[in-house]
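Novice: The structure follows.
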Amino acid sequence: MTHIIIEACTGCTACVKICPVAAISGERKLLHVIDAGICIDCGACGKICPSAAILNAGGELCQSLKKSLWLKPVVLQAKCVACGACIEVCPASVLEFNEPQEVGEHVKPVLVDEKNCIGCSFCEAACPTHAIEMSGPVMA
């Protein structure tokens, strides 16, 4: 089961804008729908929905969360083998290999577009060496 939009949807289009695979459609101010054949279950729609109108793949109501609180990938450079699995799996294309700054330094994946990261954790799941951890903002 993929994510589902329920009748509480106000048609605000926030989910349409955040979906990295264009799986959501609908007219403004009307109930939107998620195409199950396209949806990758990243969960971004549920986190961005201000109306709490999205059920996750388990059938539970998603809770909206301020985008500034979404988890982001942190690459543990010592564990990374630069295989690129995280870059390949990222639906938002926000990870890239860095340019080595010193002679002998190896390329490593880095988060290059934090603003557009959807916090799906696909990169963390794809990493064969567990070199990626999802982390939230540091609270004072």
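Each chain of the structure tokens is named A, B, ... in the order shown, its residues numbered from 1; ligands are numbered from 1 in display order.
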So which residues of segment 9-134 of chain A fall under strand (DSSP E) by DSSP, listed as a PDB file with N, CA, C and O atoms, in the first residue's frame?
Specialist:
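So part.pdb came out as:
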ATOM      1  N   ILE A  24       1.420  12.943  -7.383  1.00  0.00           N
ATOM      2  CA  ILE A  24       0.211  13.533  -6.806  1.00  0.00           C
ATOM      3  C   ILE A  24      -0.398  14.518  -7.781  1.00  0.00           C
ATOM      4  O   ILE A  24       0.307  15.340  -8.381  1.00  0.00           O
ATOM      5  N   SER A  25      -1.715  14.445  -7.919  1.00  0.00           N
ATOM      6  CA  SER A  25      -2.400  15.373  -8.818  1.00  0.00           C
ATOM      7  C   SER A  25      -3.719  15.815  -8.201  1.00  0.00           C
ATOM      8  O   SER A  25      -4.231  15.189  -7.274  1.00  0.00           O
ATOM      9  N   VAL A  33      -5.124  13.239  -5.338  1.00  0.00           N
ATOM     10  CA  VAL A  33      -4.931  11.788  -5.345  1.00  0.00           C
ATOM     11  C   VAL A  33      -3.465  11.463  -5.575  1.00  0.00           C
ATOM     12  O   VAL A  33      -2.734  12.227  -6.200  1.00  0.00           O
ATOM     13  N   ILE A  34      -3.063  10.309  -5.055  1.00  0.00           N
ATOM     14  CA  ILE A  34      -1.704   9.812  -5.245  1.00  0.00           C
ATOM     15  C   ILE A  34      -1.782   8.602  -6.169  1.00  0.00           C
ATOM     16  O   ILE A  34      -2.537   7.664  -5.917  1.00  0.00           O
ATOM     17  N   ILE A  54      -3.219  12.764   4.955  1.00  0.00           N
ATOM     18  CA  ILE A  54      -2.506  11.698   4.252  1.00  0.00           C
ATOM     19  C   ILE A  54      -2.244  10.532   5.198  1.00  0.00           C
ATOM     20  O   ILE A  54      -1.764  10.711   6.308  1.00  0.00           O
ATOM     21  N   LEU A  55      -2.586   9.342   4.699  1.00  0.00           N
ATOM     22  CA  LEU A  55      -2.302   8.106   5.429  1.00  0.00           C
ATOM     23  C   LEU A  55      -1.008   7.531   4.870  1.00  0.00           C
ATOM     24  O   LEU A  55      -0.796   7.525   3.655  1.00  0.00           O
ATOM     25  N   LYS A  72      17.968  15.042   8.038  1.00  0.00           N
ATOM     26  CA  LYS A  72      18.847  15.201   6.879  1.00  0.00           C
ATOM     27  C   LYS A  72      19.974  14.178   6.988  1.00  0.00           C
ATOM     28  O   LYS A  72      20.406  13.815   8.080  1.00  0.00           O
ATOM     29  N   PRO A  73      20.507  13.731   5.853  1.00  0.00           N
ATOM     30  CA  PRO A  73      21.597  12.755   5.901  1.00  0.00           C
ATOM     31  C   PRO A  73      22.923  13.395   6.306  1.00  0.00           C
ATOM     32  O   PRO A  73      23.260  14.491   5.869  1.00  0.00           O
ATOM     33  N   VAL A  74      23.634  12.691   7.161  1.00  0.00           N
ATOM     34  CA  VAL A  74      24.985  13.074   7.551  1.00  0.00           C
ATOM     35  C   VAL A  74      25.874  11.909   7.142  1.00  0.00           C
ATOM     36  O   VAL A  74      25.638  10.765   7.559  1.00  0.00           O
ATOM     37  N   VAL A  75      26.874  12.195   6.321  1.00  0.00           N
ATOM     38  CA  VAL A  75      27.778  11.150   5.854  1.00  0.00           C
ATOM     39  C   VAL A  75      28.937  11.014   6.835  1.00  0.00           C
ATOM     40  O   VAL A  75      29.639  11.985   7.114  1.00  0.00           O
ATOM     41  N   LEU A  95      22.203  14.797  -3.204  1.00  0.00           N
ATOM     42  CA  LEU A  95      23.530  14.303  -2.825  1.00  0.00           C
ATOM     43  C   LEU A  95      24.413  14.254  -4.073  1.00  0.00           C
ATOM     44  O   LEU A  95      23.961  13.860  -5.145  1.00  0.00           O
ATOM     45  N   GLU A  96      25.670  14.632  -3.896  1.00  0.00           N
ATOM     46  CA  GLU A  96      26.649  14.567  -4.987  1.00  0.00           C
ATOM     47  C   GLU A  96      28.003  14.239  -4.392  1.00  0.00           C
ATOM     48  O   GLU A  96      28.233  14.436  -3.197  1.00  0.00           O
ATOM     49  N   PHE A  97      28.925  13.768  -5.248  1.00  0.00           N
ATOM     50  CA  PHE A  97      30.290  13.580  -4.792  1.00  0.00           C
ATOM     51  C   PHE A  97      30.956  14.942  -4.678  1.00  0.00           C
ATOM     52  O   PHE A  97      30.743  15.821  -5.515  1.00  0.00           O
ATOM     53  N   PRO A 109      30.328  11.392  -0.857  1.00  0.00           N
ATOM     54  CA  PRO A 109      29.045  12.058  -1.067  1.00  0.00           C
ATOM     55  C   PRO A 109      28.812  13.134  -0.015  1.00  0.00           C
ATOM     56  O   PRO A 109      29.214  12.986   1.140  1.00  0.00           O
ATOM     57  N   VAL A 110      28.206  14.220  -0.448  1.00  0.00           N
ATOM     58  CA  VAL A 110      27.849  15.309   0.457  1.00  0.00           C
ATOM     59  C   VAL A 110      26.450  15.794   0.110  1.00  0.00           C
ATOM     60  O   VAL A 110      25.998  15.677  -1.021  1.00  0.00           O
ATOM     61  N   LEU A 111      25.780  16.347   1.103  1.00  0.00           N
ATOM     62  CA  LEU A 111      24.463  16.940   0.906  1.00  0.00           C
ATOM     63  C   LEU A 111      24.686  18.326   0.319  1.00  0.00           C
ATOM     64  O   LEU A 111      25.187  19.215   0.987  1.00  0.00           O
ATOM     65  N   ILE A 132      25.799   6.534   6.492  1.00  0.00           N
ATOM     66  CA  ILE A 132      24.869   7.661   6.498  1.00  0.00           C
ATOM     67  C   ILE A 132      23.921   7.501   7.663  1.00  0.00           C
ATOM     68  O   ILE A 132      23.338   6.437   7.886  1.00  0.00           O
ATOM     69  N   GLU A 133      23.786   8.576   8.421  1.00  0.00           N
ATOM     70  CA  GLU A 133      22.829   8.636   9.522  1.00  0.00           C
ATOM     71  C   GLU A 133      21.923   9.829   9.299  1.00  0.00           C
ATOM     72  O   GLU A 133      22.383  10.887   8.882  1.00  0.00           O
ATOM     73  N   MET A 134      20.656   9.634   9.559  1.00  0.00           N
ATOM     74  CA  MET A 134      19.712  10.746   9.444  1.00  0.00           C
ATOM     75  C   MET A 134      19.729  11.518  10.756  1.00  0.00           C
ATOM     76  O   MET A 134      19.619  10.930  11.830  1.00  0.00           O
TER      77      MET A 134
END
Novice: Which neighbours of segment 56-65 of chain A fall inside 7 Å, counting only C-alpha atoms, when residues of the same chain fewer than 4 positions from it are skipped, and could you give them as a count of residues only?
Specialist: 11
Novice: Calculate how many Å separate atom CA of His130 of chain A from atom CA of Gly104 of chain A, rounding to one decimal.
Specialist: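 Rounded to one decimal, the two atoms are 23.4 Å apart.
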Novice: Pick from A:Thr13, A:Asn116, A:Thr129, A:Ser68: nearest to Ser93 of chain A, with only C-alpha atoms counted?
Specialist: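 The answer is A:Asn116, which sits nearest to Ser93 of chain A.
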Novice: Just give me the gap between atom CA of Lys67 of chain A and atom CA of Val112 of chain A in Å, one decimal is fine.
Specialist: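 Calculated distance between atom CA of Lys67 of chain A and atom CA of Val112 of chain A is 16.8 Å.
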Novice: Restricting the calculation to only C-alpha atoms: of A:Lys79, A:Lys66, A:His32, A:Lys17, which residue gets closest to Gly136 of chain A?
Specialist: A:Lys66
Novice: Just give me the gap between atom CA of Phe122 of chain A and atom CA of Cys90 of chain A in Å, one decimal is fine.
Specialist: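 Going from atom CA of Phe122 of chain A over to atom CA of Cys90 of chain A covers 6.4 Å.
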Novice: Compare A:Glu88, A:Glu27, A:Glu114, A:Glu102 by their minimum atom-to-atom distance to Cys9 of chain A, counting only C-alpha atoms, and give me the closest one.
Specialist: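 Ranked by minimum distance to Cys9 of chain A, first place goes to A:Glu27.
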